[in-house]
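A.B. asks: Data file my_file01.txt (compact mmCIF, C-alpha atoms and all ligand atoms) is appended below.
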# COMPACT_ATOMS: atom_id res chain seq x y z
CA MET A 21 115.53 130.20 96.66
CA ILE A 22 116.31 127.10 98.69
CA ASN A 23 118.92 124.57 97.68
CA ILE A 24 118.72 121.07 99.06
CA GLU A 25 121.35 118.42 98.35
CA PRO A 26 120.39 114.77 98.96
CA ILE A 27 122.36 113.24 101.84
CA GLY A 28 121.63 109.66 100.78
CA ILE A 29 119.47 107.28 98.79
CA VAL A 30 117.05 104.38 99.43
CA ARG A 31 118.00 100.84 98.42
CA SER A 32 114.93 98.62 98.53
CA ASP A 33 113.05 95.91 96.68
CA PHE A 34 110.03 98.23 96.77
CA LYS A 35 110.25 99.60 93.23
CA ASP A 36 106.77 100.39 92.02
CA PRO A 37 104.99 103.30 93.74
CA HIS A 38 101.65 102.07 92.40
CA GLU A 39 102.06 98.75 94.13
CA LYS A 40 99.27 98.68 96.67
CA LYS A 41 101.24 97.18 99.52
CA VAL A 42 101.74 99.55 102.42
CA SER A 43 104.22 97.63 104.46
CA LYS A 44 107.45 96.35 103.03
CA SER A 45 110.21 94.20 104.37
CA GLY A 46 113.56 95.71 105.21
CA ALA A 47 115.30 98.46 103.27
CA VAL A 48 118.68 100.16 103.43
CA ILE A 49 119.32 103.88 103.46
CA GLU A 50 122.76 104.60 102.06
CA ILE A 51 124.13 107.83 103.49
CA TYR A 52 126.72 109.47 101.23
CA PRO A 53 130.26 109.26 102.70
CA GLN A 54 130.68 113.03 103.12
CA TYR A 55 127.80 112.93 105.64
CA SER A 56 128.99 109.88 107.63
CA ASP A 57 130.04 112.03 110.60
CA ALA A 58 126.43 113.09 111.05
CA LEU A 59 125.51 109.49 111.97
CA LEU A 60 127.41 109.57 115.27
CA ARG A 61 125.18 108.02 118.00
CA LEU A 62 122.12 107.76 115.74
CA GLY A 63 122.11 104.05 116.64
CA GLU A 64 121.05 104.93 120.21
CA HIS A 65 117.56 105.45 118.79
CA SER A 66 115.24 102.60 117.86
CA HIS A 67 113.15 104.69 115.45
CA ILE A 68 113.92 107.51 113.04
CA TRP A 69 112.09 110.06 110.94
CA VAL A 70 113.16 109.83 107.32
CA LEU A 71 112.63 112.74 104.95
CA GLY A 72 112.83 111.98 101.26
CA TRP A 73 112.29 113.85 98.03
CA PHE A 74 109.63 112.41 95.72
CA HIS A 75 111.41 113.49 92.56
CA ALA A 76 108.80 111.99 90.21
CA ALA A 77 105.80 113.55 92.00
CA VAL A 78 103.25 115.87 90.42
CA ARG A 79 103.77 119.35 91.94
CA ASN A 80 100.87 121.36 90.51
CA VAL A 81 98.03 119.52 92.25
CA LEU A 82 96.45 120.91 95.43
CA ARG A 83 93.67 118.39 95.98
CA VAL A 84 93.80 114.60 95.86
CA ARG A 85 91.74 111.59 96.81
CA PRO A 86 93.23 109.19 99.40
CA ARG A 87 95.41 106.75 97.49
CA ILE A 88 94.20 103.81 99.59
CA ASN A 89 90.60 104.47 98.60
CA LEU A 90 89.92 106.56 95.51
CA ASP A 91 86.16 106.37 96.16
CA LEU A 92 86.48 108.78 99.11
CA PRO A 93 86.14 112.58 98.75
CA GLU A 94 89.12 114.82 98.04
CA TYR A 95 91.44 116.39 100.59
CA GLY A 96 93.74 119.37 100.16
CA VAL A 97 97.29 118.05 99.80
CA PHE A 98 98.29 119.62 103.14
CA GLY A 99 95.65 117.38 104.76
CA MET A 100 97.13 114.26 103.14
CA ARG A 101 100.56 112.72 102.87
CA SER A 102 100.25 112.21 99.12
CA PRO A 103 103.51 112.55 97.14
CA SER A 104 101.68 115.14 94.99
CA ARG A 105 102.31 118.56 96.56
CA PRO A 106 104.13 121.83 95.77
CA ASN A 107 107.31 120.66 97.54
CA PRO A 108 107.32 116.86 97.31
CA VAL A 109 108.97 116.15 100.66
CA GLY A 110 108.24 112.65 101.92
CA LEU A 111 108.07 112.00 105.66
CA THR A 112 107.96 108.60 107.29
CA VAL A 113 108.91 106.99 110.58
CA THR A 114 110.68 103.66 110.60
CA LYS A 115 112.46 101.27 112.93
CA LEU A 116 116.23 101.48 112.77
CA GLU A 117 117.50 97.91 112.92
CA ALA A 118 121.22 98.64 112.61
CA VAL A 119 123.77 101.24 111.59
CA GLU A 120 126.79 99.83 109.79
CA ASP A 121 129.29 102.39 108.52
CA ASN A 122 127.18 104.65 106.30
CA LEU A 123 124.31 102.17 105.88
CA LEU A 124 121.08 102.38 107.87
CA TYR A 125 119.15 99.12 107.95
CA VAL A 126 115.50 99.95 108.48
CA GLN A 127 112.19 98.11 108.70
CA ARG A 128 109.13 98.68 106.54
CA LEU A 129 110.18 101.82 104.70
CA ASP A 130 107.43 103.09 102.42
CA PHE A 131 109.79 105.01 100.11
CA ILE A 132 110.60 103.33 96.80
CA ASP A 133 114.06 102.27 95.66
CA GLY A 134 116.13 105.23 94.51
CA THR A 135 114.27 107.88 96.56
CA PRO A 136 116.73 110.68 97.41
CA ILE A 137 116.98 111.22 101.17
CA ILE A 138 117.22 114.82 102.35
CA ASP A 139 117.34 114.36 106.13
CA ILE A 140 117.28 111.87 109.01
CA LYS A 141 116.06 112.80 112.50
CA PRO A 142 115.66 110.68 115.63
CA TYR A 143 112.18 109.75 116.84
CA PHE A 144 111.89 110.71 120.50
CA GLU A 145 109.61 109.15 123.08
CA GLN A 146 107.93 112.53 123.63
CA ASP A 147 106.95 112.59 119.92
CA ILE A 148 104.14 110.14 120.62
CA ILE A 149 100.50 111.17 120.77
CA PHE A 150 98.70 108.01 121.78
CA SER A 151 95.21 108.91 120.62
CA PRO A 152 95.15 111.78 118.11
CA ARG A 153 91.94 112.70 116.28
CA THR A 154 92.22 111.63 112.65
CA PRO A 155 89.65 111.28 109.87
CA TYR A 156 88.51 107.76 109.09
CA ILE A 157 90.17 106.91 105.77
CA LYS A 158 89.19 103.31 105.31
CA PRO A 159 91.20 101.42 102.68
CA LYS A 160 89.14 100.05 99.84
CA GLU A 161 90.69 96.61 100.16
CA ALA A 162 90.30 94.58 103.34
CA LEU A 163 93.80 93.16 102.97
CA MET A 164 95.26 96.64 103.09
CA LEU A 165 93.42 97.38 106.34
CA GLU A 166 94.97 94.25 107.80
CA GLU A 167 98.44 95.36 106.69
CA ILE A 168 97.95 98.78 108.25
CA MET A 169 96.78 97.18 111.50
CA MET A 170 99.78 94.85 111.47
CA LYS A 171 102.14 97.79 111.13
CA GLU A 172 100.44 99.76 113.90
CA ALA A 173 100.24 96.74 116.20
CA LEU A 174 103.94 96.02 115.77
CA TYR A 175 104.87 99.63 116.43
CA HIS A 176 102.85 99.44 119.63
CA HIS A 177 103.52 95.97 120.97
CA GLN A 178 107.00 95.43 119.43
CA GLU A 179 106.81 91.65 119.00
CA GLU A 180 104.91 89.40 116.63
CA CYS A 181 103.51 87.00 119.23
CA PRO A 182 100.39 84.80 118.68
CA PRO A 183 98.14 87.04 120.85
CA LEU A 184 99.13 90.01 118.66
CA LEU A 185 98.04 88.12 115.53
CA LEU A 186 94.78 87.15 117.26
CA GLY A 187 94.22 90.75 118.40
CA ILE A 188 94.55 92.01 114.82
CA LYS A 189 91.89 89.53 113.63
CA MET A 190 89.62 90.57 116.50
CA CYS A 191 90.02 94.26 115.61
CA LEU A 192 89.30 93.52 111.94
CA ALA A 193 86.06 91.79 112.93
CA ALA A 194 85.02 94.68 115.18
CA GLU A 195 85.93 97.28 112.57
CA ARG A 196 83.69 95.51 110.10
CA GLU A 197 80.75 95.81 112.51
CA LEU A 198 81.37 99.18 114.17
CA GLY A 199 83.57 101.20 111.80
CA GLN A 200 86.43 103.30 113.13
CA LEU A 201 87.73 101.63 116.30
CA THR A 202 89.62 104.72 117.44
CA ALA A 203 86.37 106.73 117.68
CA SER A 204 85.85 108.23 121.15
CA ASP A 205 82.53 106.40 121.64
CA VAL A 206 83.96 102.92 121.06
CA VAL A 207 84.54 101.18 124.41
CA VAL A 208 86.51 97.94 124.61
CA SER A 209 86.92 95.31 127.29
CA VAL A 210 89.55 92.55 127.00
CA THR A 211 89.66 89.25 128.87
CA GLY A 212 92.72 87.12 128.16
CA PRO A 213 96.52 87.40 128.05
CA SER A 214 98.21 90.76 128.52
CA CYS A 215 99.80 90.64 125.03
CA LEU A 216 96.27 90.55 123.57
CA ALA A 217 95.14 93.47 125.74
CA ASP A 218 98.19 95.49 124.73
CA THR A 219 97.59 94.84 121.01
CA VAL A 220 93.89 95.73 121.19
CA GLN A 221 94.64 98.85 123.21
CA GLY A 222 97.28 99.90 120.69
CA LEU A 223 94.93 99.44 117.73
CA THR A 224 91.88 101.08 119.29
CA ARG A 225 93.90 103.82 121.09
CA ALA A 226 91.50 103.28 123.97
CA ARG A 227 92.72 104.88 127.20
CA LEU A 228 91.76 103.84 130.73
CA ALA A 229 90.36 107.30 131.44
CA ASN A 230 89.47 110.63 129.81
CA PRO A 231 87.39 109.15 128.27
CA PRO A 232 87.33 105.70 129.95
CA ARG A 233 87.31 103.41 126.93
CA PHE A 234 89.43 100.45 127.99
CA SER A 235 89.30 97.71 130.60
CA PHE A 236 91.26 94.49 131.00
CA HIS A 237 90.79 91.29 132.99
CA GLU A 238 93.86 89.06 132.81
CA SER A 239 93.00 85.42 132.24
CA GLY A 240 94.94 82.39 131.15
CA SER A 241 91.87 80.27 130.50
CA GLU A 242 89.33 82.60 128.90
CA THR A 243 89.82 84.87 125.87
CA GLU A 244 87.17 87.35 124.81
CA VAL A 245 87.01 90.94 123.59
CA ARG A 246 83.83 93.02 123.85
CA TRP A 247 83.30 96.24 121.95
CA GLN A 248 80.47 98.64 122.60
CA LYS A 249 79.39 101.61 120.49
CA GLY A 250 76.13 103.17 121.64
CA SER A 251 73.59 100.37 121.88
CA ARG A 252 75.57 98.07 119.61
CA GLN A 253 77.81 95.36 121.00
CA VAL A 254 80.28 93.04 119.33
CA ILE A 255 81.79 90.09 121.17
CA VAL A 256 84.63 88.10 119.61
CA ARG A 257 86.25 84.90 120.85
CA PRO A 258 88.76 82.56 119.23
CA ARG A 259 87.10 79.43 117.86
CA SER A 260 87.65 76.43 120.11
CA ASP A 261 89.51 74.53 117.36
CA LEU A 262 91.73 77.50 116.47
CA ASP A 263 95.28 76.62 115.42
CA LEU A 264 97.27 79.72 116.44
CA SER A 265 100.26 78.73 114.31
CA ALA A 266 98.20 79.09 111.10
CA ILE A 267 96.31 82.22 112.12
CA LYS A 268 98.14 84.58 109.75
CA GLU A 269 96.86 82.86 106.61
CA GLN A 270 93.26 82.66 107.81
CA SER A 271 90.55 85.30 107.59
CA TYR A 272 89.06 86.68 110.81
CA ALA A 273 85.80 84.86 110.08
CA GLU A 274 87.66 81.52 110.01
CA VAL A 275 89.47 82.27 113.24
CA LEU A 276 86.74 83.84 115.37
CA GLU A 277 83.32 83.36 116.78
CA ILE A 278 81.57 86.72 116.38
CA VAL A 279 78.42 87.70 118.25
CA THR A 280 76.66 91.00 117.55
CA LEU A 281 73.98 92.37 119.85
ZN ZN B 1 103.41 89.74 123.00
In structure tokens, how does this file's structure come out?

C.D. replies:
Amino acid sequence: MINIEPIGIVRSDFKDPHEKKVSKSGAVIEIYPQYSDALLRLGEHSHIWVLGWFHAAVRNVLRVRPRINLDLPEYGVFGMRSPSRPNPVGLTVTKLEAVEDNLLYVQRLDFIDGTPIIDIKPYFEQDIIFSPRTPYIKPKEALMLEEIMMKEALYHHQEECPPLLLGIKMCLAAERELGQLTASDVVVSVTGPSCLADTVQGLTRARLANPPRFSFHESGSETEVRWQKGSRQVIVRPRSDLDLSAIKEQSYAEVLEIVTL
């Protein structure tokens, strides 16, 4: 027998677990006063692991389909992070914006309002695995893929600059043509500003070596990203009349010139 007492609760405007949005704006984790002492120096960390308890989850299911695309085949629940599992422990990593008394202000928490929190742990630099092997679970809706890329790009690059927004559109275009961009046979070459290179590298997880998948030529005048997968090539460039300030609202096809070879 294991007894777990919640140490806090989520306060968020994210209330409906069936809502299809992945990323959410800020949330607050309220730590109960008797645990306040445990927050000493947590604020030295920029990111934290949050463990919650999905109290409303189904616990007698061992196989599920990916929630972001119910057309895909099933996985065992230990190969998914579905709330449905024998012990419905939720695990997520989030950016810690501020600690004020017993309140943790966090970014983009994917736990709904009222989720009991059972533990908080710091995220350490050595936790990172830059290019893990993961199955390709493509969301059914294109918009969701863009949201996931936005979240990953921000985790990697840490600022929402115009080249980051352009890089996301470029990766969306390439993904459409080549499929999973993190695959080990996808090679990418970036010409342009370093913020663009950083964003594309973060989203494709392409390393400079072992295997060599990434190259970069810094340029202030020319912007182009080339992807290669086997004999297929995709080249994307911003359209000459592109208005970077409106890029977020536009689709990648409106923003880019796409050449496939
Ligand atoms: Zn930047």

A.B. asks: Point out the residue among A:Leu186, A:Ala273, A:Leu116, A:Ile22 with the least atom-to-atom distance to ligand ZN 1 (chain B), counting all atoms listed in the file.

C.D. replies: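 Among the listed residues, A:Leu186 lies closest to ligand ZN 1 (chain B).
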
A.B. asks: Dump as JSON lines the rows for residues of chain A within 7 Å of ligand ZN 1 (chain B): closest atom pair and distance in Å with one decimal, all atoms listed in the file counted, ordered by chain and rising residue number.

C.D. replies:
{"residue": "A:His177", "atom": "CA", "partner": "B:ZN1", "partner_atom": "ZN", "distance": 6.6}
{"residue": "A:Glu179", "atom": "CA", "partner": "B:ZN1", "partner_atom": "ZN", "distance": 5.6}
{"residue": "A:Glu180", "atom": "CA", "partner": "B:ZN1", "partner_atom": "ZN", "distance": 6.6}
{"residue": "A:Cys181", "atom": "CA", "partner": "B:ZN1", "partner_atom": "ZN", "distance": 4.7}
{"residue": "A:Pro183", "atom": "CA", "partner": "B:ZN1", "partner_atom": "ZN", "distance": 6.3}
{"residue": "A:Leu184", "atom": "CA", "partner": "B:ZN1", "partner_atom": "ZN", "distance": 6.1}
{"residue": "A:Cys215", "atom": "CA", "partner": "B:ZN1", "partner_atom": "ZN", "distance": 4.2}

A.B. asks: Would you mind telling me which residue in A:Gln253, A:Ser32, A:Gln178, A:Ser271 lies nearest to A:Ile132 when using all atoms listed in the file?

C.D. replies: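 Under the stated criterion, the closest residue is A:Ser32.
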
A.B. asks: Quick one: everything within 9 Å of A:Glu274, counting only C-alpha atoms, minus sequence neighbours fewer than 3 positions away in the same chain. Send it as a list in words.

C.D. replies: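 With the cut-off at 9 Å, the set is Arg259, Leu262, Ile267, Gln270, Ser271 and Glu277 of chain A.
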
A.B. asks: Counting all atoms listed in the file, which residues of stretch 177-247 of chain A sit at most 8 Å from some atom of stretch 138-154 of chain A, and what is each one's closest atom pair with its distance in Å to one decimal, listed by chain and rising residue number, as CSV?

C.D. replies:
residue,atom,partner,partner_atom,distance
A:Thr202,CA,A:Ser151,CA,7.7
A:Arg225,CA,A:Ser151,CA,5.3
A:Ala226,CA,A:Ser151,CA,7.5

A.B. asks: I'd like the neighbourhood of A:Leu60 as a ChimeraX atom specification, where a residue qualifies if any of its atoms comes within 12 Å (using only C-alpha atoms), though same-chain residues fewer than 5 positions away should be ignored.

C.D. replies: /A:55,65,119-122,142

A.B. asks: My list of candidates is A:Leu163, A:Val109, A:Val78, A:Ala194. Which is closest to A:Glu269 when distances are computed with all atoms listed in the file?

C.D. replies: A:Leu163

A.B. asks: Please work out which residues fall within 12 Å of (104.2, 117.2, 95.1), coordinates as given in the file, with only C-alpha atoms counting, and return them as a ChimeraX atom specification.

C.D. replies: /A:72-84,96-98,100-110

A.B. asks: List every protein, DNA or RNA residue that has an atom no more than 6 Å from (91.4, 86.4, 133.1) in the file's coordinate frame, counting only C-alpha atoms, and report them as a list in words.

C.D. replies: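 Within 6 Å of (91.4, 86.4, 133.1), the protein and nucleic acid residues are Thr211, Gly212, His237, Glu238, Ser239 and Gly240 of chain A.
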
A.B. asks: Record the distance separating atom CA of A:Ser260 and atom CA of A:Ser214, expressed in Å with one decimal.

C.D. replies: 19.7 Å

A.B. asks: Which is closest to A:Phe236 among A:Asp91, A:Val208, A:Thr224, A:Lys115, if we use only C-alpha atoms?

C.D. replies: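 Of A:Asp91, A:Val208, A:Thr224, A:Lys115, the one nearest A:Phe236, counting only C-alpha atoms, is A:Val208.
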
A.B. asks: Quick one: of A:Ala193, A:Ile137, A:Leu71, A:Val254, who's nearest to A:Ala162, counting only C-alpha atoms?

C.D. replies: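 Under the stated criterion, the closest residue is A:Ala193.
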
A.B. asks: In Å to one decimal, how far is atom CA of A:Lys35 from atom CA of A:Glu94?

C.D. replies: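 Atom CA of A:Glu94 sits 26.5 Å away from atom CA of A:Lys35.
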